[in-house]
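Student: Contents are PDB, C-alpha atoms and all ligand atoms; file name query.pdb:
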```pdb
MODEL        1
ATOM      1  CA  MET A  24      13.169 -18.641   1.399
ATOM      2  CA  ARG A  25      13.687 -16.265   4.325
ATOM      3  CA  LYS A  26      10.889 -16.459   6.953
ATOM      4  CA  PHE A  27      10.466 -13.495   9.261
ATOM      5  CA  LYS A  28       9.426 -14.385  12.810
ATOM      6  CA  LYS A  29       7.886 -10.957  13.240
ATOM      7  CA  PHE A  30       6.354  -8.895  10.494
ATOM      8  CA  TYR A  31       5.315  -5.394  11.508
ATOM      9  CA  ILE A  32       2.545  -3.684   9.589
ATOM     10  CA  GLU A  33       1.808  -0.152  10.680
ATOM     11  CA  ILE A  34      -1.950   0.065  10.101
ATOM     12  CA  THR A  35      -1.884   3.680  11.245
ATOM     13  CA  ASN A  36       0.764   6.148  12.384
ATOM     14  CA  VAL A  37      -1.839   8.229  14.237
ATOM     15  CA  CYS A  38      -1.800   8.067  18.030
ATOM     16  CA  ASN A  39      -4.135   9.431  20.685
ATOM     17  CA  LEU A  40      -1.234   9.964  23.091
ATOM     18  CA  ALA A  41       2.039  11.869  22.962
ATOM     19  CA  CYS A  42       4.442   9.905  25.172
ATOM     20  CA  SER A  43       7.482  11.872  26.279
ATOM     21  CA  PHE A  44       9.837   9.113  25.060
ATOM     22  CA  CYS A  45       8.219   8.765  21.618
ATOM     23  CA  PRO A  46       9.557  11.171  18.971
ATOM     24  CA  VAL A  47       6.766  12.828  17.009
ATOM     25  CA  THR A  48       6.765  11.466  13.493
ATOM     26  CA  GLY A  49       7.396  13.834  10.603
ATOM     27  CA  ARG A  50       5.438  11.509   8.322
ATOM     28  CA  GLU A  51       1.979  12.346   7.075
ATOM     29  CA  ALA A  52      -0.833  11.017   9.307
ATOM     30  CA  GLU A  53      -2.525   8.058   7.636
ATOM     31  CA  PHE A  54      -4.797   5.069   8.155
ATOM     32  CA  MET A  55      -4.040   2.059   5.974
ATOM     33  CA  LYS A  56      -6.664   1.197   3.360
ATOM     34  CA  ILE A  57      -8.181  -2.259   3.158
ATOM     35  CA  ASP A  58      -7.002  -2.768  -0.434
ATOM     36  CA  ASP A  59      -3.432  -1.943   0.536
ATOM     37  CA  PHE A  60      -3.609  -4.361   3.442
ATOM     38  CA  HIS A  61      -4.812  -7.132   1.095
ATOM     39  CA  LYS A  62      -1.957  -6.354  -1.263
ATOM     40  CA  ILE A  63       0.634  -6.437   1.521
ATOM     41  CA  LEU A  64      -0.583  -9.748   2.942
ATOM     42  CA  ASP A  65      -0.583 -11.358  -0.494
ATOM     43  CA  GLN A  66       2.971 -10.172  -1.122
ATOM     44  CA  ILE A  67       4.389 -11.204   2.254
ATOM     45  CA  LYS A  68       2.527 -14.505   2.567
ATOM     46  CA  PRO A  69       5.555 -16.695   1.729
ATOM     47  CA  TYR A  70       7.694 -14.784   4.239
ATOM     48  CA  ALA A  71       5.610 -14.433   7.386
ATOM     49  CA  GLU A  72       2.985 -15.953   9.634
ATOM     50  CA  PHE A  73       2.932 -13.596  12.623
ATOM     51  CA  LEU A  74       1.874 -10.004  12.051
ATOM     52  CA  TYR A  75       2.424  -7.138  14.473
ATOM     53  CA  PHE A  76       0.096  -4.195  13.891
ATOM     54  CA  HIS A  77       2.515  -1.563  15.050
ATOM     55  CA  VAL A  78       5.526   0.589  14.364
ATOM     56  CA  LYS A  79       4.265   4.002  15.375
ATOM     57  CA  GLY A  80       0.649   4.902  16.084
ATOM     58  CA  GLU A  81      -2.161   3.330  18.088
ATOM     59  CA  PRO A  82      -3.658   0.385  16.153
ATOM     60  CA  LEU A  83      -6.914   0.360  18.152
ATOM     61  CA  LEU A  84      -7.698   3.758  16.623
ATOM     62  CA  HIS A  85      -8.126   2.267  13.168
ATOM     63  CA  PRO A  86     -11.848   2.369  12.267
ATOM     64  CA  GLU A  87     -11.482  -0.832  10.209
ATOM     65  CA  LEU A  88      -9.511  -2.871  12.716
ATOM     66  CA  ASP A  89     -12.313  -5.410  12.613
ATOM     67  CA  LYS A  90     -11.756  -6.072   8.905
ATOM     68  CA  PHE A  91      -7.972  -6.137   9.250
ATOM     69  CA  LEU A  92      -8.275  -8.935  11.804
ATOM     70  CA  ASP A  93     -10.747 -10.878   9.645
ATOM     71  CA  ILE A  94      -8.614 -10.558   6.518
ATOM     72  CA  SER A  95      -5.579 -11.726   8.481
ATOM     73  CA  TYR A  96      -7.507 -14.797   9.573
ATOM     74  CA  GLN A  97      -8.778 -15.543   6.058
ATOM     75  CA  LYS A  98      -5.234 -15.385   4.721
ATOM     76  CA  GLY A  99      -3.821 -17.572   7.496
ATOM     77  CA  PHE A 100      -1.926 -15.041   9.642
ATOM     78  CA  LYS A 101      -1.806 -14.663  13.419
ATOM     79  CA  VAL A 102      -1.899 -11.117  14.771
ATOM     80  CA  ASN A 103      -0.143  -9.457  17.696
ATOM     81  CA  ILE A 104      -1.243  -5.987  18.724
ATOM     82  CA  THR A 105       0.745  -3.493  20.772
ATOM     83  CA  THR A 106      -1.448  -0.826  22.289
ATOM     84  CA  ASN A 107      -1.283   1.901  24.901
ATOM     85  CA  GLY A 108      -4.495   0.408  26.318
ATOM     86  CA  THR A 109      -6.510   3.624  26.495
ATOM     87  CA  LEU A 110      -9.159   2.395  24.006
ATOM     88  CA  ILE A 111      -9.338  -1.180  25.177
ATOM     89  CA  SER A 112     -12.849  -0.985  26.627
ATOM     90  CA  LYS A 113     -14.198   0.510  23.386
ATOM     91  CA  VAL A 114     -12.922  -2.306  21.182
ATOM     92  CA  LYS A 115     -13.080  -5.108  23.732
ATOM     93  CA  ASP A 116     -15.973  -7.032  22.157
ATOM     94  CA  LEU A 117     -14.428  -6.800  18.728
ATOM     95  CA  LEU A 118     -11.055  -8.091  19.950
ATOM     96  CA  LEU A 119     -12.494 -10.964  21.949
ATOM     97  CA  ASP A 120     -14.267 -12.298  18.882
ATOM     98  CA  LYS A 121     -11.307 -12.573  16.508
ATOM     99  CA  PRO A 122      -9.608 -15.942  16.009
ATOM    100  CA  SER A 123      -6.628 -14.277  14.299
ATOM    101  CA  LEU A 124      -5.669 -12.410  17.467
ATOM    102  CA  ARG A 125      -2.811 -14.208  19.176
ATOM    103  CA  GLN A 126      -1.332 -11.678  21.607
ATOM    104  CA  ILE A 127      -1.908  -8.201  22.973
ATOM    105  CA  ASN A 128       0.948  -6.179  24.446
ATOM    106  CA  ILE A 129      -0.286  -3.351  26.624
ATOM    107  CA  SER A 130       2.214  -0.554  27.219
ATOM    108  CA  LEU A 131       1.306   0.503  30.752
ATOM    109  CA  HIS A 132       4.299   2.868  30.757
ATOM    110  CA  SER A 133       2.420   5.094  28.319
ATOM    111  CA  PHE A 134       0.408   6.389  31.293
ATOM    112  CA  ASP A 135       3.602   7.579  32.944
ATOM    113  CA  GLY A 136       4.758   9.142  29.673
ATOM    114  CA  ASN A 137       1.777  11.510  29.416
ATOM    115  CA  GLN A 138       1.492  14.208  32.011
ATOM    116  CA  ASN A 139      -2.074  15.091  31.119
ATOM    117  CA  MET A 140      -3.392  11.566  31.674
ATOM    118  CA  ASN A 141      -4.739  11.692  35.186
ATOM    119  CA  HIS A 142      -7.170   8.837  35.642
ATOM    120  CA  LYS A 143      -4.802   6.022  36.398
ATOM    121  CA  ALA A 144      -7.415   4.095  38.416
ATOM    122  CA  ALA A 145      -9.944   4.160  35.553
ATOM    123  CA  TYR A 146      -7.235   3.330  32.992
ATOM    124  CA  MET A 147      -6.173   0.297  35.014
ATOM    125  CA  GLU A 148      -9.763  -0.743  35.720
ATOM    126  CA  ASN A 149     -10.538  -0.989  31.998
ATOM    127  CA  ILE A 150      -7.382  -2.950  31.342
ATOM    128  CA  ILE A 151      -7.969  -5.362  34.223
ATOM    129  CA  SER A 152     -11.549  -5.938  33.131
ATOM    130  CA  PHE A 153     -10.352  -6.696  29.580
ATOM    131  CA  ILE A 154      -7.693  -9.108  30.839
ATOM    132  CA  LYS A 155     -10.159 -11.005  32.999
ATOM    133  CA  GLU A 156     -12.671 -11.384  30.203
ATOM    134  CA  ALA A 157     -10.031 -12.302  27.636
ATOM    135  CA  ARG A 158      -8.595 -14.995  29.884
ATOM    136  CA  LYS A 159     -12.046 -16.427  30.516
ATOM    137  CA  LYS A 160     -13.293 -16.424  26.925
ATOM    138  CA  THR A 161     -10.218 -16.730  24.692
ATOM    139  CA  ASN A 162      -6.663 -18.035  24.453
ATOM    140  CA  ILE A 163      -5.166 -14.613  23.777
ATOM    141  CA  ILE A 164      -1.782 -14.063  25.416
ATOM    142  CA  ILE A 165      -1.495 -10.756  27.262
ATOM    143  CA  SER A 166       1.800  -9.094  27.966
ATOM    144  CA  LEU A 167       1.832  -5.993  30.142
ATOM    145  CA  ARG A 168       4.780  -3.690  29.638
ATOM    146  CA  LEU A 169       6.438  -1.316  32.031
ATOM    147  CA  TRP A 170       9.314  -0.029  29.953
ATOM    148  CA  ASN A 171      10.004   3.074  31.959
ATOM    149  CA  LEU A 172      12.770   2.004  34.340
ATOM    150  CA  GLU A 173      16.304   3.294  34.908
ATOM    151  CA  ARG A 174      19.400   1.228  34.155
ATOM    152  CA  ASP A 175      20.298   1.239  37.875
ATOM    153  CA  ASN A 176      17.918  -0.949  39.910
ATOM    154  CA  GLN A 177      18.936   0.865  43.116
ATOM    155  CA  ILE A 178      17.380   4.003  41.635
ATOM    156  CA  ASN A 179      14.305   2.004  40.567
ATOM    157  CA  LEU A 180      13.894   0.624  44.084
ATOM    158  CA  THR A 181      14.106   4.133  45.535
ATOM    159  CA  ASN A 182      11.734   5.647  42.964
ATOM    160  CA  ASN A 183       9.245   2.775  43.056
ATOM    161  CA  LYS A 184       7.470   4.754  40.334
ATOM    162  CA  ASN A 185       5.128   1.977  39.208
ATOM    163  CA  ARG A 186       3.971   1.001  42.701
ATOM    164  CA  GLU A 187       0.351   2.003  42.118
ATOM    165  CA  ILE A 188       0.091  -0.146  38.984
ATOM    166  CA  LEU A 189       1.972  -3.047  40.569
ATOM    167  CA  THR A 190      -0.349  -3.025  43.599
ATOM    168  CA  VAL A 191      -3.380  -3.243  41.300
ATOM    169  CA  LEU A 192      -1.829  -6.251  39.531
ATOM    170  CA  GLU A 193      -0.925  -7.958  42.804
ATOM    171  CA  GLN A 194      -4.445  -7.540  44.141
ATOM    172  CA  GLU A 195      -6.404  -8.307  40.992
ATOM    173  CA  PHE A 196      -4.457 -11.462  40.184
ATOM    174  CA  ASN A 197      -4.049 -12.632  43.792
ATOM    175  CA  LEU A 198      -0.281 -12.742  43.689
ATOM    176  CA  PRO A 199       1.216 -14.192  46.868
ATOM    177  CA  TYR A 200       4.232 -11.877  46.557
ATOM    178  CA  GLN A 201       5.065  -8.248  45.904
ATOM    179  CA  ILE A 202       6.365  -7.389  42.442
ATOM    180  CA  GLN A 203       9.584  -5.396  42.607
ATOM    181  CA  ASP A 204       9.764  -2.306  40.436
ATOM    182  CA  VAL A 205      13.051  -3.360  38.829
ATOM    183  CA  VAL A 206      14.428  -4.897  35.654
ATOM    184  CA  ILE A 207      15.277  -8.535  36.381
ATOM    185  CA  SER A 208      15.083 -10.411  33.115
ATOM    186  CA  ALA A 209      14.208  -9.526  29.557
ATOM    187  CA  ARG A 210      11.723 -12.413  29.526
ATOM    188  CA  GLY A 211       9.484 -10.875  32.161
ATOM    189  CA  ILE A 212       7.448 -12.607  34.847
ATOM    190  CA  LYS A 213       4.367 -14.777  34.615
ATOM    191  CA  LEU A 214       1.435 -13.375  36.556
ATOM    192  CA  GLY A 215      -0.976 -16.129  35.586
ATOM    193  CA  GLU A 216      -2.102 -18.327  32.720
ATOM    194  CA  ARG A 217      -1.328 -16.447  29.455
ATOM    195  CA  LEU A 218      -0.567 -13.285  31.403
ATOM    196  CA  TYR A 219       2.902 -11.758  31.665
ATOM    197  CA  LEU A 220       4.567  -8.603  32.954
ATOM    198  CA  ASN A 221       7.601  -7.289  31.152
ATOM    199  CA  GLN A 222       9.684  -4.672  33.009
ATOM    200  CA  ASP A 223      12.440  -2.964  31.086
ATOM    201  CA  HIS A 224      14.535   0.175  30.774
ATOM    202  CA  GLU A 225      13.102   3.219  29.095
ATOM    203  CA  PHE A 226      13.452   2.737  25.410
ATOM    204  CA  THR A 227      15.297   5.184  23.162
ATOM    205  CA  TRP A 228      14.218   5.267  19.525
ATOM    206  CA  PRO A 229      17.234   5.279  17.224
ATOM    207  CA  GLY A 230      17.613   8.517  15.300
ATOM    208  CA  LEU A 231      20.201  10.173  13.102
ATOM    209  CA  GLY A 232      20.780  12.717  15.890
ATOM    210  CA  GLU A 233      21.963  10.017  18.331
ATOM    211  CA  PRO A 234      25.690   9.389  18.889
ATOM    212  CA  GLU A 235      27.318   6.977  16.446
ATOM    213  CA  ASP A 236      29.846   4.255  17.262
ATOM    214  CA  GLU A 237      32.103   2.196  15.005
ATOM    215  CA  GLY A 238      29.144  -0.041  14.121
ATOM    216  CA  ILE A 239      30.455  -3.436  15.167
ATOM    217  CA  GLY A 240      27.655  -5.734  16.208
ATOM    218  CA  PHE A 241      24.639  -7.685  15.200
ATOM    219  CA  CYS A 242      20.930  -7.144  14.731
ATOM    220  CA  HIS A 243      18.005  -9.299  13.673
ATOM    221  CA  GLY A 244      16.636  -6.572  11.372
ATOM    222  CA  LEU A 245      15.726  -8.094   7.997
ATOM    223  CA  ARG A 246      16.792 -11.463   9.355
ATOM    224  CA  ASN A 247      13.939 -12.418  11.648
ATOM    225  CA  GLN A 248      11.892  -9.251  11.307
ATOM    226  CA  ALA A 249      10.799  -6.717   8.717
ATOM    227  CA  ALA A 250       8.250  -3.928   8.672
ATOM    228  CA  ILE A 251       5.988  -1.965   6.359
ATOM    229  CA  LEU A 252       4.958   1.570   7.253
ATOM    230  CA  VAL A 253       1.440   2.838   6.638
ATOM    231  CA  ASP A 254       2.449   4.429   3.309
ATOM    232  CA  GLY A 255       3.909   1.150   2.011
ATOM    233  CA  THR A 256       7.571   1.865   2.782
ATOM    234  CA  VAL A 257       9.517  -1.305   3.619
ATOM    235  CA  ILE A 258      12.006  -0.994   6.492
ATOM    236  CA  PRO A 259      14.172  -3.633   8.196
ATOM    237  CA  CYS A 260      12.798  -3.387  11.722
ATOM    238  CA  CYS A 261      10.141  -1.911  13.995
ATOM    239  CA  LEU A 262      12.527   0.744  15.314
ATOM    240  CA  ASP A 263      12.956   2.750  12.151
ATOM    241  CA  GLY A 264       9.902   4.840  12.952
ATOM    242  CA  GLU A 265      10.755   7.529  10.388
ATOM    243  CA  GLY A 266      11.470   5.170   7.506
ATOM    244  CA  ILE A 267      15.105   6.247   7.260
ATOM    245  CA  ILE A 268      16.233   2.842   5.972
ATOM    246  CA  GLU A 269      13.752   3.032   3.146
ATOM    247  CA  LEU A 270      14.310  -0.179   1.206
ATOM    248  CA  GLY A 271      11.499   0.406  -1.270
ATOM    249  CA  ASN A 272       7.745   0.841  -1.419
ATOM    250  CA  ILE A 273       5.260  -1.959  -2.071
ATOM    251  CA  HIS A 274       3.168   0.425  -4.192
ATOM    252  CA  GLU A 275       6.042   0.578  -6.670
ATOM    253  CA  THR A 276       7.960  -2.677  -6.278
ATOM    254  CA  GLU A 277       7.044  -6.209  -5.169
ATOM    255  CA  PHE A 278       8.111  -7.058  -1.619
ATOM    256  CA  SER A 279      10.111 -10.044  -2.889
ATOM    257  CA  LYS A 280      12.219  -7.699  -5.041
ATOM    258  CA  ILE A 281      12.626  -5.109  -2.290
ATOM    259  CA  ILE A 282      14.235  -7.564   0.103
ATOM    260  CA  GLU A 283      16.623  -8.691  -2.622
ATOM    261  CA  SER A 284      17.666  -5.093  -3.425
ATOM    262  CA  ASN A 285      21.275  -3.942  -3.069
ATOM    263  CA  ARG A 286      20.525  -1.847   0.025
ATOM    264  CA  ALA A 287      18.703  -4.719   1.749
ATOM    265  CA  ALA A 288      21.466  -7.189   0.861
ATOM    266  CA  ALA A 289      24.163  -4.823   2.165
ATOM    267  CA  LEU A 290      22.372  -4.459   5.507
ATOM    268  CA  TYR A 291      21.832  -8.218   5.811
ATOM    269  CA  ASN A 292      25.359  -9.208   4.790
ATOM    270  CA  GLY A 293      26.810  -6.456   6.974
ATOM    271  CA  PHE A 294      25.203  -7.963  10.060
ATOM    272  CA  THR A 295      26.369 -11.438   9.001
ATOM    273  CA  ASN A 296      29.878  -9.957   9.306
ATOM    274  CA  ARG A 297      28.967  -8.145  12.565
ATOM    275  CA  GLN A 298      29.022  -4.746  10.902
ATOM    276  CA  ALA A 299      26.259  -2.126  10.870
ATOM    277  CA  VAL A 300      26.257  -0.736   7.349
ATOM    278  CA  GLU A 301      23.436   1.788   7.768
ATOM    279  CA  GLU A 302      24.034   5.038   9.635
ATOM    280  CA  LEU A 303      20.840   4.560  11.665
ATOM    281  CA  CYS A 304      22.032   1.118  12.763
ATOM    282  CA  ARG A 305      25.307   2.624  13.987
ATOM    283  CA  LYS A 306      23.187   4.941  16.149
ATOM    284  CA  CYS A 307      20.813   2.274  17.444
ATOM    285  CA  GLY A 308      20.869   1.019  21.019
ATOM    286  CA  TYR A 309      19.008  -2.161  20.065
ATOM    287  CA  ARG A 310      22.049  -3.455  18.176
ATOM    288  CA  LYS A 311      24.099  -3.110  21.365
ATOM    289  CA  LYS A 312      21.755  -5.552  23.097
ATOM    290  CA  PHE A 313      23.291  -8.327  21.000
ATOM    291  CA  GLY A 314      26.852  -7.268  21.772
ATOM    292  CA  THR A 315      29.218  -4.962  19.961
ATOM    293  CA  ARG A 316      32.061  -7.446  19.537
TER
HETATM  294  S1  LIG B 401       4.817   5.331  22.412
HETATM  295 FE1  LIG B 401       2.979   4.443  21.502
HETATM  296  S2  LIG B 401       1.313   5.299  22.739
HETATM  297 FE2  LIG B 401       3.066   6.605  23.113
HETATM  298  S3  LIG B 401       2.907   8.269  21.614
HETATM  299 FE3  LIG B 401       4.230   6.699  20.706
HETATM  300  S4  LIG B 401       2.852   5.453  19.479
HETATM  301 FE4  LIG B 401       1.560   6.620  20.934
HETATM  302  S1  LIG B 402      20.316  -1.901  14.252
HETATM  303 FE1  LIG B 402      18.477  -0.817  14.941
HETATM  304  S2  LIG B 402      17.867   0.453  13.199
HETATM  305 FE2  LIG B 402      19.289  -1.099  12.410
HETATM  306  S3  LIG B 402      17.996  -2.766  11.705
HETATM  307 FE3  LIG B 402      18.566  -3.205  13.815
HETATM  308  S4  LIG B 402      16.909  -2.398  15.087
HETATM  309 FE4  LIG B 402      16.751  -1.473  13.055
ENDMDL
END
```
Go ahead and render the structure in this file as structure tokens.
Tutor:
Amino acid sequence: MRKFKKFYIEITNVCNLACSFCPVTGREAEFMKIDDFHKILDQIKPYAEFLYFHVKGEPLLHPELDKFLDISYQKGFKVNITTNGTLISKVKDLLLDKPSLRQINISLHSFDGNQNMNHKAAYMENIISFIKEARKKTNIIISLRLWNLERDNQINLTNNKNREILTVLEQEFNLPYQIQDVVISARGIKLGERLYLNQDHEFTWPGLGEPEDEGIGFCHGLRNQAAILVDGTVIPCCLDGEGIIELGNIHETEFSKIIESNRAAALYNGFTNRQAVEELCRKCGYRKKFGTR
């Protein structure tokens, strides 16, 4: 049986920000219902252990986040949350009390992506306070993301656009060095016990309007990851934010059948032969990360 290393469940597609690099979804705004979440976990149980509450949307906005984390624990899953961090102080106590919570990724670049956010000091203060408490009281892993850099590190060094944030991190975590505002490695740097900083290039969501190439290459979609959107649509990866590669819907068909469908098999076998079968995949920069030959 195929085991997915990462299973994305979009518990909501509603967000409290509008980052410049994040295409607005054309899908109806929704919050996942508890019953649907139960159903999904029961169906994916043989295939996954690690859940990621994210495709689009801000998971900390979900009014029943508490229950989602408890249900995950009861059913034996570990949860990773990716958040823009703006609501972290509001849900801090809830998060710190959940044994299912394994990791939180905080997208610090979301501040930069919103021109009308103008309290960077307060934003960072809340995040730092959360990190300190989480490290003291729990084993949660925290990964800070700055995915807003250019491909050319010379330009990044000149721009030094994240300096304010980097200085806060250096001071708050007593780093004996200055963090460079560049992309060095995809693995990121360790700032302390269970605390990491991941610097990367600005991310482009794949879309049918992007340029297409001949489609040679590989991707882990449907191989080590799969995703379910808030309306139950199954997609192969966390990058198909519009549900273009709609493999089926768990409200109509069992997950086990959906991943054995002809469309799913064609995508999977295509990548086995280094060929992107789906149009979206031929327009996806993520595939190029694994080489196009
Ligand atoms: S990137 Fe994340 S935080 Fe920014 S608008 Fe999109 S979903 Fe919201
Ligand atoms: S190539 Fe891109 S769109 Fe296709 S499955 Fe992989 S990540 Fe998703």
Student: Could you check the closest approach to A:Phe241 for each of A:Asn292, A:Ser208, A:Thr109, A:Ser43 and tell me which residue wins, using all atoms listed in the file?
Tutor: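 Smallest separation from A:Phe241 among the options: A:Asn292.
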Student: Could you name the residues that touch A:Leu180 at 8 Å or less, counting only C-alpha atoms, but leaving out those on the same chain fewer than 5 positions away, as a short mmCIF file (atom, residue, chain, number, x, y, z; two decimals) with C-alpha atoms, keeping the file's coordinate frame?
Tutor:
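part_16.cif, written as the output of this step:
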```
data_model
loop_
_atom_site.label_atom_id
_atom_site.label_comp_id
_atom_site.auth_asym_id
_atom_site.auth_seq_id
_atom_site.Cartn_x
_atom_site.Cartn_y
_atom_site.Cartn_z
CA GLN A 203 9.58 -5.40 42.61
CA ASP A 204 9.76 -2.31 40.44
CA VAL A 205 13.05 -3.36 38.83
#
```
Student: Using only C-alpha atoms, which of A:Arg305, A:Lys90, A:Lys113, A:His77 sits nearest A:Ser152?
Tutor: A:Lys113
Student: From the options A:Lys121, A:Arg210, A:Lys79, A:Arg217, which residue's atoms come nearest to A:Ile165, counting all atoms listed in the file?
Tutor: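 Ranked by minimum distance to A:Ile165, first place goes to A:Arg217.
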Student: Set the distance at 8 Å and use all atoms listed in the file: which residues neighbour A:Lys26 once local chain neighbours fewer than 3 positions away are removed? I'd like the list as a list in words.
Tutor: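 Selected residues are Pro69, Tyr70, Ala71 and Asn247 of chain A.
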Student: Residues near stretch 258-275 of chain A, anyone? I mean within 6 Å using only C-alpha atoms, not counting same-chain ones fewer than 3 positions away, as JSON, numbers by chain.
Tutor: {"A": [78, 244, 245, 248, 249, 250, 255, 278, 281]}
Student: Of the candidates A:Gly108, A:Pro86, A:Gly238, A:Pro122, which shows the shortest atom-to-atom distance to ligand LIG 401 (chain B), using only C-alpha atoms and all ligand atoms?
Tutor: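 Closest candidate: A:Gly108.
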Student: Need to verify the contact set: stretch 166-178 of chain A, 7 Å, all atoms listed in the file, exclusion of same-chain residues closer than 2 positions in sequence. Can you return it as a list in words?
Tutor: Ile127, Asn128, Ile129, Ser130, Leu131, His132, Ile164, Leu180, Thr181, Asn182, Val205, Val206, Leu218, Tyr219, Leu220, Asn221, Gln222, Asp223, His224, Glu225 and Phe226 of chain A
Student: Which is closest to ligand LIG 401 (chain B) among A:Asp135, A:Asp59, A:Asp65, A:Glu53, if we use all atoms listed in the file?
Tutor: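 So, comparing all the options, the nearest one is A:Asp135.
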Student: List the spatial neighbours of A:Phe134 as number ranges by chain - criterion: any atom at most 12 Å away, all atoms listed in the file, same-chain residues fewer than 5 positions off excluded.
Tutor: A: 39-44, 106-109, 129, 139-147, 168-171, 184-185, 187-188
Student: Counting all atoms listed in the file, which of A:Pro82, A:Glu156, A:Val300, A:Arg50 gets nearest to ligand LIG 401 (chain B)?
Tutor: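 Of A:Pro82, A:Glu156, A:Val300, A:Arg50, the one nearest ligand LIG 401 (chain B) is A:Pro82, counting all atoms listed in the file.
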Student: Record the distance separating atom S2 of ligand LIG 402 (chain B) and atom CA of A:His85, expressed in Å with one decimal.
Tutor: 26.1 Å
Student: Taking all atoms of ligand LIG 402 (chain B) that the file lists and extending 5 Å past them on each side, where is the centre of the axis-aligned box and how long are its edges? Answer in Å to one decimal, as AutoDock Vina command-line options.
Tutor:
```
--center_x 18.5 --center_y -1.4 --center_z 13.4 --size_x 13.6 --size_y 13.7 --size_z 13.4
```
Student: Residues picked by the PyMOL selection byres (((chain A and resi 227) around 9) and not hetatm) here, as a list in words?
Tutor: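 This file, filtered by the PyMOL selection byres (((chain A and resi 227) around 9) and not hetatm), leaves Phe44, Cys45, Glu225, Phe226, Trp228, Pro229, Gly230, Cys307, Gly308 and Tyr309 of chain A.
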Student: At what distance in Å, to one decimal, does atom CA of A:Leu84 lie from atom CA of A:Met55?
Tutor: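 Computing the Euclidean distance for atom CA of A:Met55 and atom CA of A:Leu84 yields 11.4 Å.
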Student: Evaluate the PyMOL selection byres (((chain A and resi 64) around 10) and not hetatm) and record the selected residues as a list in words, following the chain and residue labels used in the document.
Tutor: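 This file gives the following for the PyMOL selection byres (((chain A and resi 64) around 10) and not hetatm): Ile32, Asp59, Phe60, His61, Lys62, Ile63, Asp65, Gln66, Ile67, Lys68, Pro69, Tyr70, Ala71, Glu72, Leu74, Ile94, Ser95, Lys98, Gly99 and Phe100 of chain A.
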Student: Convert the output of the PyMOL selection byres (((chain A and resi 192) around 10) and not hetatm) on the shown file into explicit residues, formatted as a ChimeraX atom specification.
Tutor: /A:147,151,186-191,193-198,201-202,214,220
Student: Can you tell me how far atom CA of A:Asn179 sits from atom CA of A:Gln138, in Å to one decimal?
Tutor: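 It comes out at 19.7 Å.
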Student: May I ask you to restore N, CA, C and O atoms in stretch 72-81 of chain A and write the result as an mmCIF file, keeping the file's coordinate frame?
Tutor:
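Ended up saving to rebuild.cif:
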```cif
data_model
loop_
_atom_site.group_PDB
_atom_site.id
_atom_site.type_symbol
_atom_site.label_atom_id
_atom_site.label_comp_id
_atom_site.auth_asym_id
_atom_site.auth_seq_id
_atom_site.Cartn_x
_atom_site.Cartn_y
_atom_site.Cartn_z
ATOM 1 N N GLU A 72 4.215 -15.356 9.101
ATOM 2 C CA GLU A 72 2.985 -15.953 9.634
ATOM 3 C C GLU A 72 2.430 -15.056 10.749
ATOM 4 O O GLU A 72 1.231 -14.937 10.934
ATOM 5 N N PHE A 73 3.351 -14.405 11.476
ATOM 6 C CA PHE A 73 2.932 -13.596 12.623
ATOM 7 C C PHE A 73 3.039 -12.110 12.301
ATOM 8 O O PHE A 73 4.132 -11.588 12.051
ATOM 9 N N LEU A 74 1.905 -11.441 12.328
ATOM 10 C CA LEU A 74 1.874 -10.004 12.051
ATOM 11 C C LEU A 74 1.857 -9.232 13.359
ATOM 12 O O LEU A 74 1.278 -9.682 14.349
ATOM 13 N N TYR A 75 2.447 -8.061 13.328
ATOM 14 C CA TYR A 75 2.424 -7.138 14.473
ATOM 15 C C TYR A 75 1.906 -5.808 13.945
ATOM 16 O O TYR A 75 2.567 -5.187 13.117
ATOM 17 N N PHE A 76 0.715 -5.413 14.422
ATOM 18 C CA PHE A 76 0.096 -4.195 13.891
ATOM 19 C C PHE A 76 0.683 -2.958 14.558
ATOM 20 O O PHE A 76 -0.037 -2.253 15.289
ATOM 21 N N HIS A 77 1.949 -2.692 14.330
ATOM 22 C CA HIS A 77 2.515 -1.563 15.050
ATOM 23 C C HIS A 77 3.902 -1.218 14.543
ATOM 24 O O HIS A 77 4.684 -2.095 14.251
ATOM 25 N N VAL A 78 4.170 0.034 14.374
ATOM 26 C CA VAL A 78 5.526 0.589 14.364
ATOM 27 C C VAL A 78 5.370 1.859 15.199
ATOM 28 O O VAL A 78 5.768 1.909 16.346
ATOM 29 N N LYS A 79 4.730 2.847 14.602
ATOM 30 C CA LYS A 79 4.265 4.002 15.375
ATOM 31 C C LYS A 79 2.735 3.923 15.382
ATOM 32 O O LYS A 79 2.133 3.124 14.687
ATOM 33 N N GLY A 80 2.108 4.832 16.123
ATOM 34 C CA GLY A 80 0.649 4.902 16.084
ATOM 35 C C GLY A 80 -0.040 3.955 17.047
ATOM 36 O O GLY A 80 0.590 3.067 17.628
ATOM 37 N N GLU A 81 -1.339 4.155 17.202
ATOM 38 C CA GLU A 81 -2.161 3.330 18.088
ATOM 39 C C GLU A 81 -3.114 2.507 17.210
ATOM 40 O O GLU A 81 -4.093 3.038 16.680
#
```
